[in-house]
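Engineer: Structure file model_8.cif (mmCIF, C-alpha atoms) right here:
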```
data_final
loop_
_atom_site.group_PDB
_atom_site.id
_atom_site.type_symbol
_atom_site.label_atom_id
_atom_site.label_comp_id
_atom_site.auth_asym_id
_atom_site.auth_seq_id
_atom_site.Cartn_x
_atom_site.Cartn_y
_atom_site.Cartn_z
ATOM 1 C CA MET A 29 -165.727 124.940 2.389
ATOM 2 C CA LEU A 30 -163.259 127.821 2.753
ATOM 3 C CA LEU A 31 -160.307 125.414 2.734
ATOM 4 C CA GLU A 32 -161.669 123.699 -0.402
ATOM 5 C CA ASN A 33 -161.911 127.094 -2.136
ATOM 6 C CA ILE A 34 -158.327 127.912 -1.142
ATOM 7 C CA VAL A 35 -157.160 124.552 -2.517
ATOM 8 C CA ALA A 36 -159.016 125.094 -5.809
ATOM 9 C CA ALA A 37 -157.642 128.631 -6.195
ATOM 10 C CA SER A 38 -154.131 127.464 -5.328
ATOM 11 C CA VAL A 39 -154.160 124.689 -7.911
ATOM 12 C CA ALA A 40 -155.290 127.200 -10.537
ATOM 13 C CA ASN A 41 -152.526 129.650 -9.558
ATOM 14 C CA THR A 42 -149.372 127.633 -8.945
ATOM 15 C CA GLU A 43 -147.159 130.679 -8.348
ATOM 16 C CA LYS A 44 -147.244 130.193 -4.565
ATOM 17 C CA VAL A 45 -148.115 126.528 -4.210
ATOM 18 C CA ALA A 46 -145.767 123.969 -2.717
ATOM 19 C CA PHE A 47 -146.924 120.540 -3.857
ATOM 20 C CA VAL A 48 -146.105 117.970 -1.167
ATOM 21 C CA VAL A 49 -144.986 114.523 -2.313
ATOM 22 C CA PRO A 50 -145.713 112.037 0.503
ATOM 23 C CA ALA A 51 -142.555 110.128 1.348
ATOM 24 C CA PHE A 52 -142.232 106.517 2.399
ATOM 25 C CA GLU A 53 -139.248 104.354 3.227
ATOM 26 C CA TYR A 54 -138.442 100.695 2.935
ATOM 27 C CA LEU A 55 -138.027 99.018 6.306
ATOM 28 C CA GLU A 56 -135.331 96.801 4.829
ATOM 29 C CA LEU A 57 -133.265 96.939 1.689
ATOM 30 C CA PRO A 58 -135.526 95.821 -1.170
ATOM 31 C CA GLN A 59 -134.449 93.132 -3.587
ATOM 32 C CA LYS A 60 -134.930 93.506 -7.348
ATOM 33 C CA SER A 61 -137.576 90.788 -7.169
ATOM 34 C CA ASP A 62 -139.618 92.926 -4.740
ATOM 35 C CA GLY A 63 -140.466 95.420 -7.457
ATOM 36 C CA VAL A 64 -141.783 98.909 -6.759
ATOM 37 C CA ALA A 65 -145.386 99.801 -6.044
ATOM 38 C CA GLN A 66 -146.885 101.094 -9.289
ATOM 39 C CA THR A 67 -150.213 102.220 -7.820
ATOM 40 C CA LYS A 68 -151.384 103.715 -4.566
ATOM 41 C CA GLU A 69 -153.257 100.465 -3.887
ATOM 42 C CA GLU A 70 -150.040 98.454 -4.248
ATOM 43 C CA LEU A 71 -148.263 100.853 -1.898
ATOM 44 C CA MET A 72 -151.096 100.483 0.622
ATOM 45 C CA GLN A 73 -150.689 96.703 0.490
ATOM 46 C CA LEU A 74 -146.991 97.070 1.347
ATOM 47 C CA LEU A 75 -147.888 99.396 4.222
ATOM 48 C CA HIS A 76 -150.666 97.349 5.747
ATOM 49 C CA ARG A 77 -149.502 93.786 5.408
ATOM 50 C CA GLN A 78 -148.768 91.800 8.582
ATOM 51 C CA ASP A 79 -145.044 92.358 8.193
ATOM 52 C CA PRO A 80 -144.993 95.900 6.718
ATOM 53 C CA PHE A 81 -142.371 96.465 4.042
ATOM 54 C CA VAL A 82 -142.674 100.271 3.958
ATOM 55 C CA GLN A 83 -143.736 103.030 6.331
ATOM 56 C CA PRO A 84 -144.070 106.823 6.239
ATOM 57 C CA PHE A 85 -140.599 108.348 5.940
ATOM 58 C CA ARG A 86 -138.656 108.866 9.203
ATOM 59 C CA HIS A 87 -141.740 107.728 11.150
ATOM 60 C CA ASP A 88 -139.677 105.955 13.825
ATOM 61 C CA VAL A 89 -136.780 108.446 13.966
ATOM 62 C CA THR A 90 -138.257 111.950 13.632
ATOM 63 C CA PRO A 91 -142.030 111.671 13.193
ATOM 64 C CA GLU A 92 -142.497 115.460 13.207
ATOM 65 C CA SER A 93 -140.468 115.838 10.024
ATOM 66 C CA HIS A 94 -143.329 114.473 7.883
ATOM 67 C CA GLN A 95 -146.299 114.201 10.265
ATOM 68 C CA SER A 96 -147.944 117.399 8.968
ATOM 69 C CA THR A 97 -148.523 115.634 5.635
ATOM 70 C CA ASP A 98 -151.326 113.715 7.436
ATOM 71 C CA TYR A 99 -150.761 110.269 5.998
ATOM 72 C CA TRP A 100 -154.076 108.945 7.312
ATOM 73 C CA LYS A 101 -155.851 111.519 5.159
ATOM 74 C CA TRP A 102 -153.605 110.712 2.179
ATOM 75 C CA TYR A 103 -154.485 107.006 2.414
ATOM 76 C CA ARG A 104 -158.192 107.814 1.967
ATOM 77 C CA THR A 105 -158.277 110.715 -0.504
ATOM 78 C CA ASP A 106 -158.372 111.149 -4.252
ATOM 79 C CA LYS A 107 -158.071 114.942 -4.175
ATOM 80 C CA PRO A 108 -155.228 117.316 -3.280
ATOM 81 C CA TYR A 109 -155.588 118.729 0.214
ATOM 82 C CA ALA A 110 -153.983 121.568 2.102
ATOM 83 C CA VAL A 111 -151.614 120.954 4.989
ATOM 84 C CA ARG A 112 -153.574 122.335 7.942
ATOM 85 C CA THR A 113 -150.822 122.757 10.512
ATOM 86 C CA GLN A 114 -147.064 122.587 10.202
ATOM 87 C CA SER A 115 -144.575 121.464 12.775
ATOM 88 C CA ASP A 116 -141.493 123.667 12.985
ATOM 89 C CA LYS A 117 -139.617 120.475 12.081
ATOM 90 C CA TYR A 118 -141.659 119.816 8.905
ATOM 91 C CA GLU A 119 -139.457 118.945 5.928
ATOM 92 C CA PRO A 120 -141.554 117.439 3.151
ATOM 93 C CA TYR A 121 -140.393 116.726 -0.359
ATOM 94 C CA LEU A 122 -141.824 119.465 -2.563
ATOM 95 C CA VAL A 123 -142.507 120.304 -6.173
ATOM 96 C CA LEU A 124 -142.303 124.066 -6.721
ATOM 97 C CA LYS A 125 -142.692 126.298 -9.727
ATOM 98 C CA ASN A 126 -139.429 128.131 -10.343
ATOM 99 C CA THR A 127 -140.462 131.786 -10.310
ATOM 100 C CA ALA A 128 -138.718 135.044 -9.474
ATOM 101 C CA GLN A 129 -140.513 135.129 -6.121
ATOM 102 C CA LEU A 130 -139.534 131.583 -5.085
ATOM 103 C CA PRO A 131 -137.280 131.878 -2.013
ATOM 104 C CA ALA A 132 -133.917 130.198 -2.498
ATOM 105 C CA TYR A 133 -132.438 127.770 -0.028
ATOM 106 C CA ASP A 134 -130.435 129.620 2.600
ATOM 107 C CA GLU A 135 -126.748 129.028 1.883
ATOM 108 C CA ARG A 136 -125.880 128.916 5.579
ATOM 109 C CA PHE A 137 -127.224 125.371 5.669
ATOM 110 C CA THR A 138 -125.016 122.969 3.768
ATOM 111 C CA GLY A 139 -124.476 119.261 4.184
ATOM 112 C CA TYR A 140 -127.008 118.071 6.728
ATOM 113 C CA GLY A 141 -129.219 119.868 9.213
ATOM 114 C CA MET A 142 -131.970 122.478 8.871
ATOM 115 C CA ASN A 143 -131.699 123.044 5.105
ATOM 116 C CA LYS A 144 -135.185 121.743 4.195
ATOM 117 C CA ILE A 145 -136.741 122.890 7.481
ATOM 118 C CA THR A 146 -135.614 126.493 7.010
ATOM 119 C CA HIS A 147 -136.720 126.494 3.374
ATOM 120 C CA VAL A 148 -140.199 125.252 4.354
ATOM 121 C CA THR A 149 -140.305 127.917 7.079
ATOM 122 C CA GLU A 150 -139.581 130.657 4.571
ATOM 123 C CA LEU A 151 -142.059 129.297 2.035
ATOM 124 C CA SER A 152 -144.767 129.336 4.721
ATOM 125 C CA THR A 153 -143.827 132.843 5.804
ATOM 126 C CA ALA A 154 -143.871 134.012 2.162
ATOM 127 C CA GLY A 155 -147.480 132.837 1.839
ATOM 128 C CA TYR A 156 -147.091 129.534 0.041
ATOM 129 C CA VAL A 157 -149.944 127.046 0.350
ATOM 130 C CA PHE A 158 -148.827 123.443 0.860
ATOM 131 C CA LEU A 159 -150.956 120.956 -1.108
ATOM 132 C CA VAL A 160 -150.498 117.219 -0.686
ATOM 133 C CA LEU A 161 -150.688 115.318 -3.976
ATOM 134 C CA PRO A 162 -153.042 112.310 -3.676
ATOM 135 C CA HIS A 163 -151.604 109.908 -6.287
ATOM 136 C CA VAL A 164 -147.904 110.712 -6.063
ATOM 137 C CA TRP A 165 -145.331 109.428 -3.583
ATOM 138 C CA LEU A 166 -141.675 108.625 -3.283
ATOM 139 C CA LEU A 167 -139.941 105.631 -1.769
ATOM 140 C CA HIS A 168 -136.660 106.242 0.023
ATOM 141 C CA VAL A 169 -134.162 103.413 -0.297
ATOM 142 C CA PRO A 170 -132.006 102.747 2.806
ATOM 143 C CA HIS A 171 -128.367 103.816 2.517
ATOM 144 C CA LYS A 172 -125.367 104.486 4.740
ATOM 145 C CA PRO A 173 -125.504 107.826 6.596
ATOM 146 C CA SER A 174 -123.503 110.618 4.979
ATOM 147 C CA THR A 175 -120.417 112.087 6.633
ATOM 148 C CA TYR A 176 -122.411 115.335 7.053
ATOM 149 C CA PHE A 177 -125.016 113.469 9.102
ATOM 150 C CA GLY A 178 -122.302 111.882 11.222
ATOM 151 C CA GLU A 179 -120.724 115.251 11.878
ATOM 152 C CA LEU A 180 -124.033 116.770 13.000
ATOM 153 C CA VAL A 181 -124.833 113.832 15.270
ATOM 154 C CA HIS A 182 -121.381 113.273 16.778
ATOM 155 C CA ASN A 183 -119.828 116.742 16.853
ATOM 156 C CA PRO A 184 -121.451 118.969 19.517
ATOM 157 C CA GLN A 185 -119.701 122.083 18.142
ATOM 158 C CA HIS A 186 -121.065 121.486 14.653
ATOM 159 C CA ARG A 187 -124.564 120.814 16.020
ATOM 160 C CA LEU A 188 -124.494 123.992 18.119
ATOM 161 C CA ARG A 189 -123.269 126.038 15.143
ATOM 162 C CA ASN A 190 -126.112 124.597 13.037
ATOM 163 C CA ARG A 191 -128.714 125.495 15.675
ATOM 164 C CA VAL A 192 -127.318 129.026 16.095
ATOM 165 C CA GLN A 193 -127.548 129.439 12.315
ATOM 166 C CA ARG A 194 -131.205 128.452 12.524
ATOM 167 C CA PHE A 195 -131.891 131.146 15.116
ATOM 168 C CA GLU A 196 -130.060 133.703 12.967
ATOM 169 C CA PHE A 197 -132.146 132.571 10.004
ATOM 170 C CA LEU A 198 -135.377 133.045 11.986
ATOM 171 C CA VAL A 199 -134.366 136.587 12.957
ATOM 172 C CA ASP A 200 -133.548 137.336 9.313
ATOM 173 C CA ILE A 201 -136.931 135.958 8.193
ATOM 174 C CA MET A 202 -138.725 138.059 10.795
ATOM 175 C CA ARG A 203 -136.960 141.148 9.471
ATOM 176 C CA LYS A 204 -137.457 140.283 5.804
ATOM 177 C CA TYR A 205 -141.195 139.672 6.221
ATOM 178 C CA LYS A 206 -141.650 142.351 8.917
ATOM 179 C CA LEU A 207 -142.861 139.998 11.637
ATOM 180 C CA GLY A 208 -142.960 140.799 15.324
ATOM 181 C CA ARG A 209 -140.542 143.402 16.607
ATOM 182 C CA CYS A 210 -137.790 142.584 14.089
ATOM 183 C CA LYS A 211 -138.765 145.291 11.623
#
```
What do you get writing this file as structure tokens?
Structural biologist:
Amino acid sequence: MLLENIVAASVANTEKVAFVVPAFEYLELPQKSDGVAQTKEELMQLLHRQDPFVQPFRHDVTPESHQSTDYWKWYRTDKPYAVRTQSDKYEPYLVLKNTAQLPAYDERFTGYGMNKITHVTELSTAGYVFLVLPHVWLLHVPHKPSTYFGELVHNPQHRLRNRVQRFEFLVDIMRKYKLGRCK
């Protein structure tokens, strides 16, 4: 009941609401003749057929990046619902109201690696409520990896620098929001 009241209040006051758009991906490159799911029911058919054509985004590669969306709940609901727990690797696609208090993306993170994760971390720390939209989704089309992705994966120095930047970001967030001993 409390969570339902929070959801209702959050929808009414969108200043600090991050609307989560569940993300799916094609398992193979779609052809024009395949069309695109126009309804949630059509999407569910693509998900649950014997040879699935789509799946939750990054499900096989980095399940924690979208797991907090709770796809099983999304499949069954007609109402927005709050994300109950968030992995520290959560990086959903969001719709946000552009307000003066909306935290900007941290400019330390360019290219590939930690940009969405750190933004979601700051939104959570700033008190944003994450609401999953029940009749909205996106479908990611397969493409070649970017050079930024390749650099993060294949260059240990770049990867280490990216991870150090994340730790620096966390310290900065702790100071900014007066968390722990970093006041």
Engineer: Name the closest residue to Gly63 in chain A among the candidates A:Gln78, A:Ile201, A:Leu167, A:Asn143; distances are taken between atoms, counting only C-alpha atoms.
Structural biologist: A:Leu167
Engineer: Which is closest to Ala154 in chain A among A:Arg112, A:Arg191, A:Tyr99, A:Leu130, if we use all atoms listed in the file?
Structural biologist: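 For Ala154 in chain A, the nearest of the given residues is A:Leu130.
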Engineer: By how many Å are CA of Asn126 in chain A and CA of Thr138 in chain A apart?
Structural biologist: 20.8 Å
Engineer: Evaluate the PyMOL selection byres ((chain A and resi 83) around 6) here and jot the selected residues down as a ChimeraX atom specification.
Structural biologist: /A:52-53,75,82,84
Engineer: Those same residues - C-alpha atoms - I'd like them written as a compact mmCIF listing (two decimals), keeping the file's coordinate frame.
Structural biologist:
```
# COMPACT_ATOMS: atom_id res chain seq x y z
CA PHE A 52 -142.23 106.52 2.40
CA GLU A 53 -139.25 104.35 3.23
CA LEU A 75 -147.89 99.40 4.22
CA VAL A 82 -142.67 100.27 3.96
CA PRO A 84 -144.07 106.82 6.24
```
Engineer: To one decimal place, how far is CA of Phe137 in chain A from CA of Tyr176 in chain A in Å?
Structural biologist: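 We find that CA of Phe137 in chain A and CA of Tyr176 in chain A lie 11.2 Å from each other.
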Engineer: CA of Pro50 in chain A and CA of Leu161 in chain A, how far apart in Å?
Structural biologist: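 Answer for the CA of Leu161 in chain A to CA of Pro50 in chain A separation: 7.5 Å.
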Engineer: Select, from A:Glu119, A:Glu150, A:Asp62, A:Glu43, the residue with the minimum atom-to-atom distance to Thr97 in chain A, counting all atoms listed in the file.
Structural biologist: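 Counting all atoms listed in the file, the residue closest to Thr97 in chain A is A:Glu119.
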Engineer: Between A:Leu159, A:Val89, A:Val148, A:Leu55, which residue has the minimum interatomic distance to Asp134 in chain A, considering all atoms listed in the file?
Structural biologist: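 Using all atoms listed in the file, the shortest distance to Asp134 in chain A belongs to A:Val148.
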Engineer: Build an axis-aligned box that encloses every atom of range 73-84 of chain A listed in the file, pad it by 4 Å on each side, and report its centre and edge lengths in Å to one decimal, as lines of an AutoDock Vina configuration file.
Structural biologist:
```
center_x = -146.5
center_y = 99.3
center_z = 4.5
size_x = 16.3
size_y = 23.0
size_z = 16.1
```
Engineer: Excluding Lys144 in chain A and residues on its chain fewer than 4 positions from it, collect all residues at most 12 Å away from it, counting only C-alpha atoms, and give them as a list in words.
Structural biologist: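 So the residues in contact are Ser93, His94, Asp116, Lys117, Tyr118, Glu119, Pro120, Tyr121, Leu122, Ala132, Tyr133, Asp134, Glu135, Arg136, Phe137, Thr138, Gly139, Tyr140, Val148, Thr149, Glu150, Leu151 and Arg194 of chain A.
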Engineer: Please rebuild range 167-196 of chain A with N, CA and C atoms and give the result as an mmCIF file, keeping the file's coordinate frame.
Structural biologist:
```cif
data_model
loop_
_atom_site.group_PDB
_atom_site.id
_atom_site.type_symbol
_atom_site.label_atom_id
_atom_site.label_comp_id
_atom_site.auth_asym_id
_atom_site.auth_seq_id
_atom_site.Cartn_x
_atom_site.Cartn_y
_atom_site.Cartn_z
ATOM 1 N N LEU A 167 -140.420 106.693 -2.647
ATOM 2 C CA LEU A 167 -139.941 105.631 -1.769
ATOM 3 C C LEU A 167 -138.445 105.803 -1.570
ATOM 4 N N HIS A 168 -138.065 106.057 -0.336
ATOM 5 C CA HIS A 168 -136.660 106.242 0.023
ATOM 6 C C HIS A 168 -136.023 104.869 0.211
ATOM 7 N N VAL A 169 -134.894 104.675 -0.418
ATOM 8 C CA VAL A 169 -134.162 103.413 -0.297
ATOM 9 C C VAL A 169 -133.102 103.577 0.792
ATOM 10 N N PRO A 170 -133.011 102.636 1.740
ATOM 11 C CA PRO A 170 -132.006 102.747 2.806
ATOM 12 C C PRO A 170 -130.588 102.857 2.244
ATOM 13 N N HIS A 171 -129.771 103.653 2.914
ATOM 14 C CA HIS A 171 -128.367 103.816 2.517
ATOM 15 C C HIS A 171 -127.552 104.178 3.754
ATOM 16 N N LYS A 172 -126.235 104.120 3.622
ATOM 17 C CA LYS A 172 -125.367 104.486 4.740
ATOM 18 C C LYS A 172 -125.503 105.984 5.011
ATOM 19 N N PRO A 173 -125.447 106.390 6.281
ATOM 20 C CA PRO A 173 -125.504 107.826 6.596
ATOM 21 C C PRO A 173 -124.323 108.571 5.971
ATOM 22 N N SER A 174 -124.570 109.798 5.563
ATOM 23 C CA SER A 174 -123.503 110.618 4.979
ATOM 24 C C SER A 174 -122.544 111.090 6.069
ATOM 25 N N THR A 175 -121.376 111.538 5.665
ATOM 26 C CA THR A 175 -120.417 112.087 6.633
ATOM 27 C C THR A 175 -120.984 113.357 7.262
ATOM 28 N N TYR A 176 -121.794 114.119 6.503
ATOM 29 C CA TYR A 176 -122.411 115.335 7.053
ATOM 30 C C TYR A 176 -123.344 114.989 8.206
ATOM 31 N N PHE A 177 -124.114 113.911 8.045
ATOM 32 C CA PHE A 177 -125.016 113.469 9.102
ATOM 33 C C PHE A 177 -124.213 113.073 10.336
ATOM 34 N N GLY A 178 -123.153 112.308 10.111
ATOM 35 C CA GLY A 178 -122.302 111.882 11.222
ATOM 36 C C GLY A 178 -121.710 113.056 11.967
ATOM 37 N N GLU A 179 -121.303 114.068 11.238
ATOM 38 C CA GLU A 179 -120.724 115.251 11.878
ATOM 39 C C GLU A 179 -121.762 115.969 12.738
ATOM 40 N N LEU A 180 -122.986 116.096 12.232
ATOM 41 C CA LEU A 180 -124.033 116.770 13.000
ATOM 42 C C LEU A 180 -124.375 115.987 14.266
ATOM 43 N N VAL A 181 -124.447 114.676 14.140
ATOM 44 C CA VAL A 181 -124.833 113.832 15.270
ATOM 45 C C VAL A 181 -123.722 113.707 16.308
ATOM 46 N N HIS A 182 -122.472 113.590 15.861
ATOM 47 C CA HIS A 182 -121.381 113.273 16.778
ATOM 48 C C HIS A 182 -120.502 114.454 17.176
ATOM 49 N N ASN A 183 -120.667 115.587 16.544
ATOM 50 C CA ASN A 183 -119.828 116.742 16.853
ATOM 51 C C ASN A 183 -120.682 117.838 17.492
ATOM 52 N N PRO A 184 -120.614 117.978 18.828
ATOM 53 C CA PRO A 184 -121.451 118.969 19.517
ATOM 54 C C PRO A 184 -121.224 120.400 19.018
ATOM 55 N N GLN A 185 -119.993 120.728 18.646
ATOM 56 C CA GLN A 185 -119.701 122.083 18.142
ATOM 57 C C GLN A 185 -120.431 122.334 16.816
ATOM 58 N N HIS A 186 -120.385 121.360 15.950
ATOM 59 C CA HIS A 186 -121.065 121.486 14.653
ATOM 60 C C HIS A 186 -122.577 121.612 14.855
ATOM 61 N N ARG A 187 -123.125 120.787 15.738
ATOM 62 C CA ARG A 187 -124.564 120.814 16.020
ATOM 63 C C ARG A 187 -124.977 122.162 16.597
ATOM 64 N N LEU A 188 -124.199 122.688 17.529
ATOM 65 C CA LEU A 188 -124.494 123.992 18.119
ATOM 66 C C LEU A 188 -124.426 125.087 17.055
ATOM 67 N N ARG A 189 -123.404 125.050 16.219
ATOM 68 C CA ARG A 189 -123.269 126.038 15.143
ATOM 69 C C ARG A 189 -124.494 125.982 14.214
ATOM 70 N N ASN A 190 -124.945 124.777 13.901
ATOM 71 C CA ASN A 190 -126.112 124.597 13.037
ATOM 72 C C ASN A 190 -127.365 125.192 13.681
ATOM 73 N N ARG A 191 -127.530 124.975 14.977
ATOM 74 C CA ARG A 191 -128.714 125.495 15.675
ATOM 75 C C ARG A 191 -128.655 127.016 15.805
ATOM 76 N N VAL A 192 -127.481 127.564 16.043
ATOM 77 C CA VAL A 192 -127.318 129.026 16.095
ATOM 78 C C VAL A 192 -127.660 129.617 14.728
ATOM 79 N N GLN A 193 -127.219 128.965 13.667
ATOM 80 C CA GLN A 193 -127.548 129.439 12.315
ATOM 81 C C GLN A 193 -129.061 129.440 12.096
ATOM 82 N N ARG A 194 -129.743 128.466 12.672
ATOM 83 C CA ARG A 194 -131.205 128.452 12.524
ATOM 84 C C ARG A 194 -131.820 129.658 13.226
ATOM 85 N N PHE A 195 -131.353 129.974 14.416
ATOM 86 C CA PHE A 195 -131.891 131.146 15.116
ATOM 87 C C PHE A 195 -131.595 132.425 14.340
ATOM 88 N N GLU A 196 -130.401 132.533 13.791
ATOM 89 C CA GLU A 196 -130.060 133.703 12.967
ATOM 90 C C GLU A 196 -130.978 133.778 11.746
#
```
